[in-house]
>>> print(open('target.cif').read())   # mmCIF, C-alpha atoms
data_work
#
loop_
_atom_site.label_atom_id
_atom_site.label_comp_id
_atom_site.auth_asym_id
_atom_site.auth_seq_id
_atom_site.Cartn_x
_atom_site.Cartn_y
_atom_site.Cartn_z
CA MET K 1218 -19.64 -19.59 12.50
CA LYS K 1219 -18.35 -16.42 10.89
CA SER K 1220 -15.57 -18.39 9.15
CA ASN K 1221 -18.15 -20.81 7.68
CA LEU K 1222 -20.21 -17.89 6.41
CA VAL K 1223 -17.17 -16.26 4.79
CA PHE K 1224 -16.25 -19.58 3.16
CA THR K 1225 -19.79 -19.99 1.81
CA ILE K 1226 -19.77 -16.46 0.35
CA LEU K 1227 -16.39 -17.03 -1.32
CA LEU K 1228 -17.55 -20.36 -2.77
CA ALA K 1229 -20.73 -18.79 -4.12
CA SER K 1230 -18.83 -15.86 -5.68
CA MET K 1231 -16.39 -18.27 -7.38
CA PHE K 1232 -19.32 -20.25 -8.79
CA LEU K 1233 -21.05 -17.10 -10.08
CA HIS K 1234 -17.77 -15.84 -11.57
CA GLY K 1235 -17.26 -19.17 -13.34
CA TYR K 1236 -20.85 -19.11 -14.59
CA ALA K 1237 -20.37 -15.60 -15.96
CA GLN K 1238 -17.19 -16.69 -17.73
CA ASN K 1239 -18.98 -19.66 -19.28
CA THR K 1240 -21.77 -17.35 -20.45
CA ASP K 1241 -19.26 -15.00 -22.10
CA THR K 1242 -17.52 -17.96 -23.70
CA ASN K 1243 -20.78 -19.29 -25.12
CA GLN K 1244 -21.56 -15.88 -26.60
CA SER K 1245 -18.25 -15.77 -28.47
CA SER K 1246 -18.10 -19.45 -29.39
CA LYS K 1247 -19.39 -18.71 -32.89
CA ALA K 1248 -16.35 -16.54 -33.67
CA LEU K 1249 -13.69 -18.00 -35.97
CA HIS K 1250 -11.34 -20.36 -34.08
CA ILE K 1251 -7.72 -19.77 -35.14
CA TYR K 1252 -4.33 -21.23 -34.22
CA VAL K 1253 -1.21 -19.10 -34.84
CA ASP K 1254 2.08 -20.93 -35.44
CA CYS K 1255 4.36 -17.96 -35.96
CA GLY K 1256 7.74 -17.37 -34.30
CA PHE K 1257 7.90 -13.68 -35.26
CA CYS K 1258 4.35 -12.82 -34.14
CA ASP K 1259 3.63 -10.91 -30.93
CA LEU K 1260 0.68 -13.02 -29.77
CA ASP K 1261 -0.35 -10.70 -26.94
CA TYR K 1262 -0.48 -7.80 -29.38
CA LEU K 1263 -2.48 -9.89 -31.87
CA ARG K 1264 -5.05 -10.80 -29.22
CA GLN K 1265 -5.51 -7.15 -28.36
CA GLU K 1266 -5.70 -5.84 -31.93
CA ILE K 1267 -7.66 -8.72 -33.52
CA ASN K 1268 -10.46 -9.40 -31.05
CA PHE K 1269 -13.09 -10.75 -33.45
CA VAL K 1270 -11.67 -14.31 -33.45
CA ASN K 1271 -11.03 -16.97 -30.84
CA TYR K 1272 -7.40 -18.03 -30.30
CA VAL K 1273 -7.19 -21.72 -29.42
CA ARG K 1274 -4.28 -23.57 -27.84
CA ASP K 1275 -4.04 -26.41 -30.37
CA ARG K 1276 -4.25 -26.43 -34.17
CA ASN K 1277 -6.54 -29.46 -34.14
CA LEU K 1278 -9.17 -27.31 -32.43
CA ALA K 1279 -8.95 -24.52 -35.00
CA GLN K 1280 -10.99 -23.71 -38.06
CA LEU K 1281 -8.03 -21.79 -39.44
CA ASP K 1282 -4.35 -22.62 -39.00
CA ILE K 1283 -1.96 -19.69 -39.62
CA VAL K 1284 1.67 -20.73 -40.26
CA GLY K 1285 4.38 -18.06 -40.43
CA SER K 1286 7.93 -18.41 -41.79
CA SER K 1287 10.73 -16.03 -42.77
CA LEU K 1288 13.92 -15.73 -44.82
CA SER K 1289 16.66 -13.08 -44.85
CA THR K 1290 16.72 -10.71 -47.82
CA GLY K 1291 19.69 -9.29 -49.68
CA SER K 1292 19.25 -5.85 -48.10
CA GLY K 1293 19.68 -7.25 -44.61
CA GLY K 1294 15.93 -7.28 -44.00
CA THR K 1295 13.51 -10.19 -43.81
CA SER K 1296 10.88 -11.66 -46.13
CA TYR K 1297 7.85 -13.03 -44.27
CA THR K 1298 5.29 -15.57 -45.43
CA LEU K 1299 1.91 -16.22 -43.80
CA VAL K 1300 0.02 -19.33 -44.91
CA PHE K 1301 -3.69 -19.50 -44.00
CA ILE K 1302 -4.89 -23.13 -43.98
CA GLY K 1303 -8.61 -23.73 -43.62
CA GLN K 1304 -9.76 -26.66 -41.49
CA LYS K 1305 -13.09 -28.31 -40.68
CA GLU K 1306 -15.79 -26.42 -42.62
CA PHE K 1307 -13.03 -24.35 -44.29
CA ALA K 1308 -11.03 -27.41 -45.40
CA GLY K 1309 -9.48 -26.91 -48.84
CA GLN K 1310 -9.42 -23.11 -48.55
CA LYS K 1311 -5.82 -21.88 -48.43
CA ASP K 1312 -4.18 -18.48 -48.92
CA THR K 1313 -0.59 -17.22 -48.83
CA LEU K 1314 0.47 -13.63 -48.12
CA LYS K 1315 4.05 -12.32 -48.33
CA PHE K 1316 5.62 -9.07 -47.19
CA SER K 1317 9.07 -7.71 -46.35
CA ALA K 1318 10.58 -5.61 -43.57
CA GLN K 1319 13.87 -3.70 -43.61
CA SER K 1320 16.64 -4.41 -41.11
CA TYR K 1321 15.98 -1.10 -39.36
CA GLU K 1322 12.29 -1.91 -38.78
CA THR K 1323 11.36 -1.43 -35.12
CA ASP K 1324 9.68 -4.19 -33.12
CA ASP K 1325 6.55 -2.05 -32.87
CA GLY K 1326 6.56 -1.36 -36.61
CA LEU K 1327 7.01 -5.04 -37.41
CA ARG K 1328 4.20 -6.24 -35.18
CA LYS K 1329 1.84 -3.67 -36.68
CA LYS K 1330 2.72 -4.88 -40.18
CA VAL K 1331 2.28 -8.53 -39.20
CA THR K 1332 -1.09 -7.71 -37.64
CA GLN K 1333 -2.21 -5.87 -40.77
CA TYR K 1334 -1.43 -8.83 -43.02
CA ILE K 1335 -3.07 -11.32 -40.67
CA LYS K 1336 -6.20 -9.15 -40.72
CA LEU K 1337 -6.15 -9.21 -44.52
CA GLY K 1338 -5.81 -12.98 -44.57
CA LEU K 1339 -8.63 -13.46 -42.07
CA MET K 1340 -11.26 -11.60 -44.08
CA ARG K 1341 -12.43 -14.41 -46.36
CA TYR K 1342 -12.92 -16.70 -43.36
CA VAL K 1343 -14.46 -14.17 -40.95
CA ALA K 1344 -16.90 -13.21 -43.72
CA ARG K 1345 -18.60 -16.57 -43.12
CA THR K 1346 -19.11 -16.05 -39.37
CA PRO K 1347 -21.73 -14.05 -37.41
CA TYR K 1348 -19.10 -11.33 -36.93
CA ALA K 1349 -19.12 -10.47 -40.64
CA ASP K 1350 -21.82 -7.78 -40.44
CA ARG K 1351 -20.08 -6.12 -37.47
CA LEU K 1352 -16.79 -5.50 -39.28
CA LEU K 1353 -15.96 -2.18 -40.88
CA ILE K 1354 -13.41 -2.09 -43.70
CA SER K 1355 -12.05 1.32 -44.71
CA MET K 1356 -9.17 3.02 -46.50
CA PRO K 1357 -7.80 6.57 -46.04
CA THR K 1358 -9.16 9.00 -48.63
CA ASP K 1359 -5.98 11.09 -48.60
CA THR K 1360 -4.59 10.81 -52.13
CA ASN K 1361 -1.06 11.05 -50.78
CA SER K 1362 -1.54 7.74 -48.98
CA LYS K 1363 -2.41 5.78 -52.11
CA PRO K 1364 0.35 3.45 -53.31
CA ALA K 1365 1.95 4.40 -56.59
CA ALA K 1366 4.36 2.55 -58.85
CA THR K 1367 7.78 4.18 -58.71
CA GLN K 1368 11.13 3.53 -60.29
CA VAL K 1369 13.68 2.99 -57.52
CA ASN K 1370 17.01 4.73 -57.94
CA ASP K 1371 19.44 2.83 -55.72
CA PRO K 1372 22.83 4.55 -55.45
CA TRP K 1373 24.20 1.49 -53.60
CA LYS K 1374 23.33 -0.89 -56.47
CA SER K 1375 21.79 -3.42 -54.02
CA TRP K 1376 24.96 -3.62 -51.87
CA VAL K 1377 24.49 -3.79 -48.09
CA PHE K 1378 27.43 -3.34 -45.70
CA ALA K 1379 27.82 -4.15 -42.02
CA VAL K 1380 30.61 -3.58 -39.50
CA ASN K 1381 30.70 -5.08 -36.00
CA ALA K 1382 33.07 -5.08 -33.04
CA ASN K 1383 32.70 -6.68 -29.63
CA GLY K 1384 34.75 -6.80 -26.46
CA PHE K 1385 34.22 -8.87 -23.34
CA ALA K 1386 36.22 -9.15 -20.13
CA SER K 1387 35.61 -10.77 -16.76
CA GLY K 1388 37.72 -11.83 -13.82
CA GLN K 1389 38.25 -12.52 -10.18
CA GLU K 1390 41.30 -12.86 -7.99
CA LEU K 1391 42.62 -16.05 -9.56
CA VAL K 1392 40.99 -16.08 -13.00
CA THR K 1393 40.74 -13.52 -15.79
CA ASN K 1394 39.46 -13.89 -19.34
CA SER K 1395 38.79 -11.59 -22.26
CA ASN K 1396 37.48 -11.89 -25.78
CA TYR K 1397 37.67 -9.43 -28.65
CA SER K 1398 36.14 -9.81 -32.10
CA ALA K 1399 35.48 -7.70 -35.15
CA GLY K 1400 33.89 -8.29 -38.52
CA PHE K 1401 32.89 -6.75 -41.81
CA SER K 1402 30.42 -8.00 -44.41
CA ALA K 1403 29.21 -6.86 -47.81
CA THR K 1404 26.19 -8.50 -49.44
CA LYS K 1405 24.44 -8.07 -52.76
CA VAL K 1406 21.33 -10.08 -53.61
CA THR K 1407 19.34 -9.74 -56.81
CA ALA K 1408 17.08 -12.13 -58.69
CA ASP K 1409 20.08 -13.35 -60.70
CA TRP K 1410 23.04 -13.00 -58.30
CA LYS K 1411 23.97 -13.50 -54.67
CA VAL K 1412 27.34 -12.14 -53.50
CA LYS K 1413 28.55 -12.35 -49.89
CA LEU K 1414 31.93 -11.06 -48.63
CA ASN K 1415 33.05 -11.49 -45.02
CA LEU K 1416 36.04 -10.55 -42.87
CA SER K 1417 36.38 -11.63 -39.24
CA TYR K 1418 38.88 -11.53 -36.39
CA SER K 1419 38.68 -13.10 -32.94
CA LEU K 1420 41.08 -13.18 -29.96
CA ASN K 1421 40.42 -15.03 -26.71
CA GLU K 1422 42.82 -14.76 -23.74
CA ASN K 1423 42.68 -16.50 -20.35
CA SER K 1424 44.84 -16.42 -17.24
CA PHE K 1425 44.71 -18.78 -14.23
CA ILE K 1426 46.70 -18.60 -11.01
CA VAL K 1427 47.28 -22.09 -9.58
CA GLY K 1428 49.37 -22.07 -6.41
CA ASP K 1429 52.59 -20.19 -7.18
CA SER K 1430 52.28 -20.49 -10.97
CA THR K 1431 50.28 -18.68 -13.62
CA ILE K 1432 48.81 -20.42 -16.67
CA ALA K 1433 48.09 -18.10 -19.60
CA THR K 1434 46.42 -19.24 -22.82
CA SER K 1435 45.14 -17.59 -25.95
CA THR K 1436 43.46 -18.54 -29.21
CA LYS K 1437 43.23 -16.38 -32.31
CA SER K 1438 41.45 -16.76 -35.62
CA GLU K 1439 41.23 -14.63 -38.76
CA SER K 1440 39.22 -15.29 -41.91
CA ALA K 1441 38.12 -13.77 -45.19
CA SER K 1442 35.54 -15.41 -47.43
CA ALA K 1443 33.61 -14.76 -50.62
CA LEU K 1444 30.54 -16.50 -52.02
CA VAL K 1445 29.23 -15.81 -55.52
CA VAL K 1446 26.05 -17.58 -56.70
CA ARG K 1447 24.40 -17.31 -60.12
CA SER K 1448 20.74 -18.22 -60.62
CA ILE K 1449 20.31 -20.62 -63.55
CA SER K 1450 16.60 -21.45 -63.24
CA ASN K 1451 13.89 -21.78 -60.60
CA HIS K 1452 15.49 -25.11 -59.59
CA PHE K 1453 19.22 -24.75 -60.35
CA SER K 1454 22.02 -22.40 -59.27
CA ALA K 1455 25.81 -22.44 -59.52
CA GLY K 1456 28.32 -20.87 -57.19
CA LEU K 1457 31.91 -20.38 -56.12
CA ASN K 1458 32.97 -20.37 -52.47
CA THR K 1459 36.47 -19.14 -51.53
CA SER K 1460 38.14 -18.40 -48.22
CA VAL K 1461 41.45 -17.56 -46.55
CA ASN K 1462 41.82 -18.21 -42.82
CA SER K 1463 44.12 -18.90 -39.91
CA SER K 1464 43.43 -20.49 -36.53
CA THR K 1465 45.72 -21.32 -33.62
CA TYR K 1466 43.02 -23.70 -32.30
CA SER K 1467 43.14 -25.75 -35.54
CA ASN K 1468 46.95 -25.50 -36.01
CA ILE K 1469 46.51 -23.44 -39.19
CA LYS K 1470 48.93 -20.63 -39.99
CA LEU K 1471 47.38 -19.90 -43.39
CA GLN K 1472 44.79 -21.82 -45.37
CA GLU K 1473 43.35 -21.07 -48.81
CA ASN K 1474 40.16 -22.80 -49.94
CA VAL K 1475 38.44 -22.66 -53.35
CA GLY K 1476 35.27 -24.63 -54.12
CA PRO K 1477 32.94 -24.34 -57.14
CA GLY K 1478 29.55 -26.05 -56.82
CA ILE K 1479 26.07 -26.55 -58.20
CA GLU K 1480 22.76 -26.74 -56.34
CA TYR K 1481 19.43 -28.33 -57.27
CA SER K 1482 16.17 -27.49 -55.48
CA LEU K 1483 13.38 -30.04 -55.78
CA PHE K 1484 10.78 -27.33 -55.17
CA PRO K 1485 10.96 -23.92 -56.86
CA TYR K 1486 13.08 -21.40 -54.97
CA SER K 1487 9.97 -19.20 -54.79
CA GLU K 1488 8.52 -21.67 -52.23
CA ALA K 1489 11.63 -21.59 -50.01
CA THR K 1490 9.92 -19.79 -47.10
CA HIS K 1491 7.85 -22.84 -46.20
CA ARG K 1492 9.42 -25.88 -47.90
CA GLN K 1493 12.81 -26.80 -49.35
CA ILE K 1494 14.63 -29.95 -50.47
CA ARG K 1495 18.06 -29.13 -51.89
CA LEU K 1496 21.16 -30.95 -53.07
CA LEU K 1497 24.48 -29.07 -53.17
CA TYR K 1498 27.56 -30.68 -54.78
CA SER K 1499 30.97 -29.02 -54.76
CA ILE K 1500 34.62 -29.85 -55.37
CA TYR K 1501 37.35 -28.00 -53.51
CA GLY K 1502 41.06 -27.45 -53.17
CA ILE K 1503 42.72 -26.63 -49.84
CA ASN K 1504 46.27 -25.25 -49.63
CA THR K 1505 47.48 -25.17 -46.01
CA GLN K 1506 50.51 -23.97 -44.04
CA CYS K 1507 50.42 -25.35 -40.50
CA ILE K 1508 51.85 -23.81 -37.33
CA ASP K 1509 53.38 -27.09 -36.10
CA THR K 1510 54.20 -30.32 -37.95
CA THR K 1511 51.02 -32.38 -38.31
CA ILE K 1512 50.43 -35.99 -37.21
CA PHE K 1513 51.31 -36.95 -40.81
CA GLY K 1514 54.65 -35.11 -40.70
CA ASN K 1515 53.53 -32.20 -42.91
CA ILE K 1516 53.93 -28.46 -42.55
CA ASN K 1517 52.61 -27.56 -46.01
CA SER K 1518 49.96 -29.50 -47.92
CA LEU K 1519 47.64 -29.24 -50.94
CA TYR K 1520 44.54 -31.43 -50.91
CA PHE K 1521 41.57 -31.74 -53.28
CA GLY K 1522 38.20 -33.18 -52.35
CA GLU K 1523 34.44 -33.17 -52.91
CA SER K 1524 31.31 -32.77 -50.80
CA LEU K 1525 27.58 -33.38 -51.13
CA THR K 1526 24.93 -31.77 -48.92
CA ALA K 1527 21.27 -32.73 -48.80
CA SER K 1528 18.93 -30.52 -46.79
CA ALA K 1529 15.20 -30.27 -46.19
CA THR K 1530 13.05 -27.60 -44.58
CA TYR K 1531 9.33 -27.98 -43.95
CA LYS K 1532 6.80 -26.03 -41.92
CA LYS K 1533 3.38 -27.63 -42.06
CA PRO K 1534 0.35 -28.07 -39.76
CA TRP K 1535 1.79 -31.41 -38.56
CA GLY K 1536 4.91 -29.61 -37.30
CA SER K 1537 8.24 -28.38 -38.62
CA LEU K 1538 11.42 -30.03 -39.85
CA TYR K 1539 14.94 -28.97 -40.69
CA PHE K 1540 17.38 -31.67 -41.73
CA SER K 1541 20.82 -31.52 -43.28
CA VAL K 1542 23.46 -34.17 -43.99
CA THR K 1543 26.89 -33.52 -45.53
CA GLY K 1544 29.47 -36.03 -46.70
CA SER K 1545 32.98 -35.10 -47.85
CA HIS K 1546 36.34 -36.74 -48.53
CA TYR K 1547 39.78 -36.01 -49.96
CA PHE K 1548 40.60 -37.48 -53.35
CA TYR K 1549 44.11 -38.66 -52.40
CA ASP K 1550 42.77 -40.96 -49.67
CA LEU K 1551 39.06 -41.86 -49.48
CA THR K 1552 39.46 -42.91 -45.84
CA LYS K 1553 40.03 -39.24 -44.99
CA ASN K 1554 36.33 -38.36 -44.89
CA ASN K 1555 33.64 -36.69 -42.81
CA LEU K 1556 29.91 -37.33 -42.45
CA SER K 1557 27.84 -34.78 -40.52
CA ALA K 1558 24.11 -34.57 -39.90
CA PHE K 1559 21.81 -32.14 -38.13
CA THR K 1560 18.08 -32.24 -37.51
CA GLN K 1561 15.47 -30.23 -35.64
CA LEU K 1562 11.99 -31.74 -35.59
CA ASN K 1563 8.75 -30.71 -33.90
CA ILE K 1564 5.85 -33.15 -34.38
CA ASN K 1565 2.24 -32.48 -33.41
CA VAL K 1566 1.27 -36.05 -32.49
CA PHE K 1567 -2.28 -35.38 -31.36
CA GLN K 1568 -4.33 -32.59 -29.84
CA GLY K 1569 -2.13 -30.73 -27.34
CA PHE K 1570 0.84 -33.15 -27.54
CA THR K 1571 4.06 -32.15 -29.34
CA ILE K 1572 7.40 -33.99 -29.53
CA ASN K 1573 10.56 -31.83 -29.85
CA LEU K 1574 13.77 -33.36 -31.18
CA PHE K 1575 17.20 -31.86 -31.80
CA ALA K 1576 20.21 -33.90 -32.85
CA ALA K 1577 23.61 -33.28 -34.44
CA GLY K 1578 26.52 -35.59 -35.00
CA SER K 1579 29.64 -36.20 -37.07
CA LEU K 1580 31.84 -39.14 -38.03
CA VAL K 1581 35.27 -37.53 -38.19
CA HIS K 1582 38.11 -39.09 -40.20
CA ASP K 1583 39.66 -36.02 -41.83
CA GLN K 1584 41.68 -34.35 -39.05
CA VAL K 1585 44.78 -33.97 -41.22
CA PHE K 1586 45.93 -30.71 -39.63
CA LEU K 1587 46.31 -31.79 -35.98
CA PRO K 1588 49.79 -31.09 -34.51
CA GLY K 1589 52.00 -34.16 -34.18
CA ALA K 1590 53.11 -33.20 -30.66
CA GLY K 1591 49.58 -33.70 -29.35
CA ALA K 1592 47.83 -31.65 -26.68
CA SER K 1593 49.03 -31.00 -23.14
CA THR K 1594 46.81 -31.45 -20.09
CA ALA K 1595 46.31 -27.68 -19.93
CA ASP K 1596 45.35 -27.58 -23.63
CA ILE K 1597 42.75 -30.28 -23.06
CA LEU K 1598 41.23 -28.74 -19.92
CA LEU K 1599 41.21 -25.19 -21.30
CA GLN K 1600 40.02 -26.28 -24.78
CA VAL K 1601 42.53 -24.15 -26.68
CA GLN K 1602 43.47 -26.85 -29.22
CA ALA K 1603 41.49 -29.24 -31.40
CA LEU K 1604 41.65 -32.81 -30.08
CA THR K 1605 41.77 -36.13 -31.88
CA THR K 1606 38.33 -37.73 -32.19
CA SER K 1607 36.50 -40.09 -34.51
CA TYR K 1608 33.04 -38.73 -33.70
CA SER K 1609 31.08 -35.97 -32.01
CA TYR K 1610 27.40 -35.65 -31.13
CA PHE K 1611 24.70 -33.65 -29.41
CA PHE K 1612 21.16 -34.81 -28.74
CA SER K 1613 18.06 -33.58 -26.94
CA VAL K 1614 14.45 -34.78 -26.88
CA GLY K 1615 11.37 -33.62 -25.06
CA PHE K 1616 7.64 -33.21 -25.28
CA THR K 1617 4.97 -30.65 -24.52
CA TYR K 1618 1.41 -31.50 -23.53
CA THR K 1619 -1.27 -28.89 -22.93
CA PHE K 1620 -4.88 -29.47 -21.91
CA GLY K 1621 -7.80 -27.59 -20.41
CA SER K 1622 -9.71 -24.66 -21.86
CA ILE K 1623 -9.35 -24.36 -25.63
CA TYR K 1624 -9.64 -20.57 -25.56
CA ASN K 1625 -6.58 -18.34 -25.36
CA ASP K 1626 -7.95 -14.86 -26.03
CA ILE K 1627 -7.22 -12.84 -22.91
CA VAL K 1628 -4.13 -10.69 -22.36
CA ASN K 1629 -3.18 -10.05 -18.71
CA PRO K 1630 0.38 -8.65 -18.35
CA ARG K 1631 0.34 -8.31 -14.54
CA TYR K 1632 3.44 -9.61 -12.75
CA SER K 1633 5.14 -10.58 -16.02
CA GLN K 1634 8.63 -9.47 -17.03
CA SER K 1635 7.33 -8.11 -20.32
CA SER K 1636 5.29 -5.55 -18.38
CA PHE K 1637 8.52 -3.63 -17.79
CA ASN K 1638 9.11 -3.17 -21.52
CA VAL K 1639 7.72 0.14 -22.74
CA THR K 1640 6.79 0.57 -26.41
CA MET K 1641 6.25 4.10 -27.65
CA ASN K 1642 3.74 4.63 -30.46
#
>>> encode(input="target.cif", output="structure tokens")
Amino acid sequence: MKSNLVFTILLASMFLHGYAQNTDTNQSSKALHIYVDCGFCDLDYLRQEINFVNYVRDRNLAQLDIVGSSLSTGSGGTSYTLVFIGQKEFAGQKDTLKFSAQSYETDDGLRKKVTQYIKLGLMRYVARTPYADRLLISMPTDTNSKPAATQVNDPWKSWVFAVNANGFASGQELVTNSNYSAGFSATKVTADWKVKLNLSYSLNENSFIVGDSTIATSTKSESASALVVRSISNHFSAGLNTSVNSSTYSNIKLQENVGPGIEYSLFPYSEATHRQIRLLYSIYGINTQCIDTTIFGNINSLYFGESLTASATYKKPWGSLYFSVTGSHYFYDLTKNNLSAFTQLNINVFQGFTINLFAAGSLVHDQVFLPGAGASTADILLQVQALTTSYSYFFSVGFTYTFGSIYNDIVNPRYSQSSFNVTMN
């Protein structure tokens, strides 16, 4: 009897709790419904700081769709773009806000800046909701806080430098492996020029004890590259790509590569943060000294060729797309060619249902530097040497379907891993 009474009380409390939740939901249902599609946004922080809107789980349920995208800047920072797309009664109303953050920006500093710009973009839409007369907009009166136009004196002349070094080692009684790498880069990006210089070194060593014998392998690579690009117009640019490298994996003792090219962008470069369609054509010369005699009986070779790359990037309410396809061949023999493609596609099919696709593949007919002696069983199993192949591929596909309550406003960090991360203000 007591157990039935306890069950009845629990059932009644759950019903009253659900009724109270429905009442609260009805009271806030007139707030602006927004959907945030933004990989760099801290959604929990947004929900806490911007509490005068309703966050919905699907863009088809929203009155306002916010799409965020980003691109790296010449200083090593990031340029962010937020596109505000009105839907339903706000259809046809669209705004775009852009801002930048330096490479040393903290996570907390970035999320505050993102939140500030989203608040700015929301104003014209929130102004048409019942919450409009409850908002207070202010600005500090301290004259020192007012922005002022200044002439920047940059002693580095837009150059940004980076140095990195990494070491990794692991092992057990019968297996040990280690990897060491180092790199240096120098970058200069202005409205007219892009210059990128890179140096890199990598060494990977492995040791395996099998019975009474020990198998030791190592691969090493070194490279230096330079890219210089000149802006011609808002649709055209020209560049020169050069490199010097060596790789035991690819049977290359020393290789020198020079390739001038020209690029055309269907859309203005100023729109690159949210849509791009580009064609890049280049010709190149490759002078190579191999470690071992190749399958064609060469140690030294000089080849000339050409390549064409077509790429597209879109981020729209229907989803996002990145696609790239590159074709290349040597002039001396057109059968020595390569065709590679890569795509990443997310499609919002209908409310709550998204298809995710990733695919990459190559038709390989230009392996002119493979050693003639072939690969041993150990080389194949340990993957320390490039192998003969006419193709390669990778593919994945999946879907996501969400349903239930359309509201997604509440932040509850209990029992989540992120609750152990402490942010100091």
>>> closest_residue(input="target.cif", among="K:Val1542, K:Leu1420, K:Val1585, K:Val1377", to="Thr1407 of chain K", atoms="only C-alpha atoms")
K:Val1377
>>> closest_atom_pairs(input="target.cif", of="segment 1431-1451 of chain K", to="segment 1481-1489 of chain K", cutoff="12 Å", atoms="all atoms listed in the file", output="JSON lines")
{"residue": "K:Ser1448", "atom": "CA", "partner": "K:Tyr1486", "partner_atom": "CA", "distance": 10.0}
{"residue": "K:Ile1449", "atom": "CA", "partner": "K:Tyr1481", "partner_atom": "CA", "distance": 10.0}
{"residue": "K:Ser1450", "atom": "CA", "partner": "K:Pro1485", "partner_atom": "CA", "distance": 8.9}
{"residue": "K:Asn1451", "atom": "CA", "partner": "K:Pro1485", "partner_atom": "CA", "distance": 5.2}
>>> write_last_selection(input="target.cif", atoms="C-alpha atoms", output="mmCIF file, keeping the file's coordinate frame")
data_model
loop_
_atom_site.group_PDB
_atom_site.id
_atom_site.type_symbol
_atom_site.label_atom_id
_atom_site.label_comp_id
_atom_site.auth_asym_id
_atom_site.auth_seq_id
_atom_site.Cartn_x
_atom_site.Cartn_y
_atom_site.Cartn_z
ATOM 1 C CA SER K 1448 20.740 -18.220 -60.620
ATOM 2 C CA ILE K 1449 20.310 -20.620 -63.550
ATOM 3 C CA SER K 1450 16.600 -21.450 -63.240
ATOM 4 C CA ASN K 1451 13.890 -21.780 -60.600
#
>>> resolve_selection(input="target.cif", expression="the PyMOL selection byres ((chain K and resi 1263) around 9)", output="JSON, numbers by chain")
{"K": [1258, 1259, 1260, 1261, 1262, 1264, 1265, 1266, 1267, 1268, 1328, 1329, 1331, 1332, 1335]}
>>> resolve_selection(input="target.cif", expression="the PyMOL selection byres ((chain K and resi 1613) around 7)", output="JSON, numbers by chain")
{"K": [1574, 1575, 1576, 1612, 1614, 1615]}
>>> atom_distance(input="target.cif", atom1="atom CA of Val1380 of chain K", atom2="atom CA of Asp1325 of chain K")
25.0 Å
>>> residues_around(input="target.cif", residues="Thr1434 of chain K", least_positions_apart="3", cutoff="8 Å", atoms="only C-alpha atoms", output="list in words")
Glu1422, Asn1423, Ser1424 and Val1601 of chain K
>>> resolve_selection(input="target.cif", expression="the PyMOL selection byres ((chain K and resi 1512-1515) around 12)", output="list in words")
Asn1468, Ile1469, Thr1505, Gln1506, Cys1507, Ile1508, Asp1509, Thr1510, Thr1511, Ile1516, Asn1517, Ser1518, Leu1519, Asp1583, Gln1584, Val1585, Phe1586, Leu1587, Pro1588, Gly1589, Ala1590, Gly1591, Ala1592, Leu1604 and Thr1605 of chain K
>>> write_last_selection(input="target.cif", atoms="C-alpha atoms", output="tab-separated table (two decimals), in the coordinates of the input")
chain	number	residue	atom	x	y	z
K	1468	ASN	CA	46.95	-25.50	-36.01
K	1469	ILE	CA	46.51	-23.44	-39.19
K	1505	THR	CA	47.48	-25.17	-46.01
K	1506	GLN	CA	50.51	-23.97	-44.04
K	1507	CYS	CA	50.42	-25.35	-40.50
K	1508	ILE	CA	51.85	-23.81	-37.33
K	1509	ASP	CA	53.38	-27.09	-36.10
K	1510	THR	CA	54.20	-30.32	-37.95
K	1511	THR	CA	51.02	-32.38	-38.31
K	1516	ILE	CA	53.93	-28.46	-42.55
K	1517	ASN	CA	52.61	-27.56	-46.01
K	1518	SER	CA	49.96	-29.50	-47.92
K	1519	LEU	CA	47.64	-29.24	-50.94
K	1583	ASP	CA	39.66	-36.02	-41.83
K	1584	GLN	CA	41.68	-34.35	-39.05
K	1585	VAL	CA	44.78	-33.97	-41.22
K	1586	PHE	CA	45.93	-30.71	-39.63
K	1587	LEU	CA	46.31	-31.79	-35.98
K	1588	PRO	CA	49.79	-31.09	-34.51
K	1589	GLY	CA	52.00	-34.16	-34.18
K	1590	ALA	CA	53.11	-33.20	-30.66
K	1591	GLY	CA	49.58	-33.70	-29.35
K	1592	ALA	CA	47.83	-31.65	-26.68
K	1604	LEU	CA	41.65	-32.81	-30.08
K	1605	THR	CA	41.77	-36.13	-31.88
>>> atom_distance(input="target.cif", atom1="atom CA of Phe1540 of chain K", atom2="atom CA of Tyr1466 of chain K")
28.5 Å
>>> atom_distance(input="target.cif", atom1="atom CA of Leu1414 of chain K", atom2="atom CA of Phe1401 of chain K")
8.1 Å
>>> closest_residue(input="target.cif", among="K:Ser1464, K:Asn1271, K:Ser1402, K:Ser1419", to="Leu1444 of chain K", atoms="all atoms listed in the file")
K:Ser1402
>>> closest_residue(input="target.cif", among="K:Phe1453, K:Phe1269, K:Gly1326, K:Ala1386", to="Ala1344 of chain K", atoms="only C-alpha atoms")
K:Phe1269
>>> residues_around(input="target.cif", residues="Val1406 of chain K", least_positions_apart="3", cutoff="7 Å", atoms="all atoms listed in the file", output="PyMOL selection string")
chain K and resi 1291+1375+1410-1412
>>> closest_residue(input="target.cif", among="K:Ile1597, K:Val1270, K:Leu1556, K:Ile1354", to="Leu1580 of chain K", atoms="only C-alpha atoms")
K:Leu1556
>>> residues_around(input="target.cif", residues="Val1581 of chain K", least_positions_apart="6", cutoff="12 Å", atoms="only C-alpha atoms", output="list in words")
Thr1543, Gly1544, Ser1545, His1546, Thr1552, Lys1553, Asn1554, Asn1555, Leu1556, Ser1557, Ala1558, Leu1604, Thr1605, Thr1606, Ser1607, Tyr1608, Ser1609 and Tyr1610 of chain K
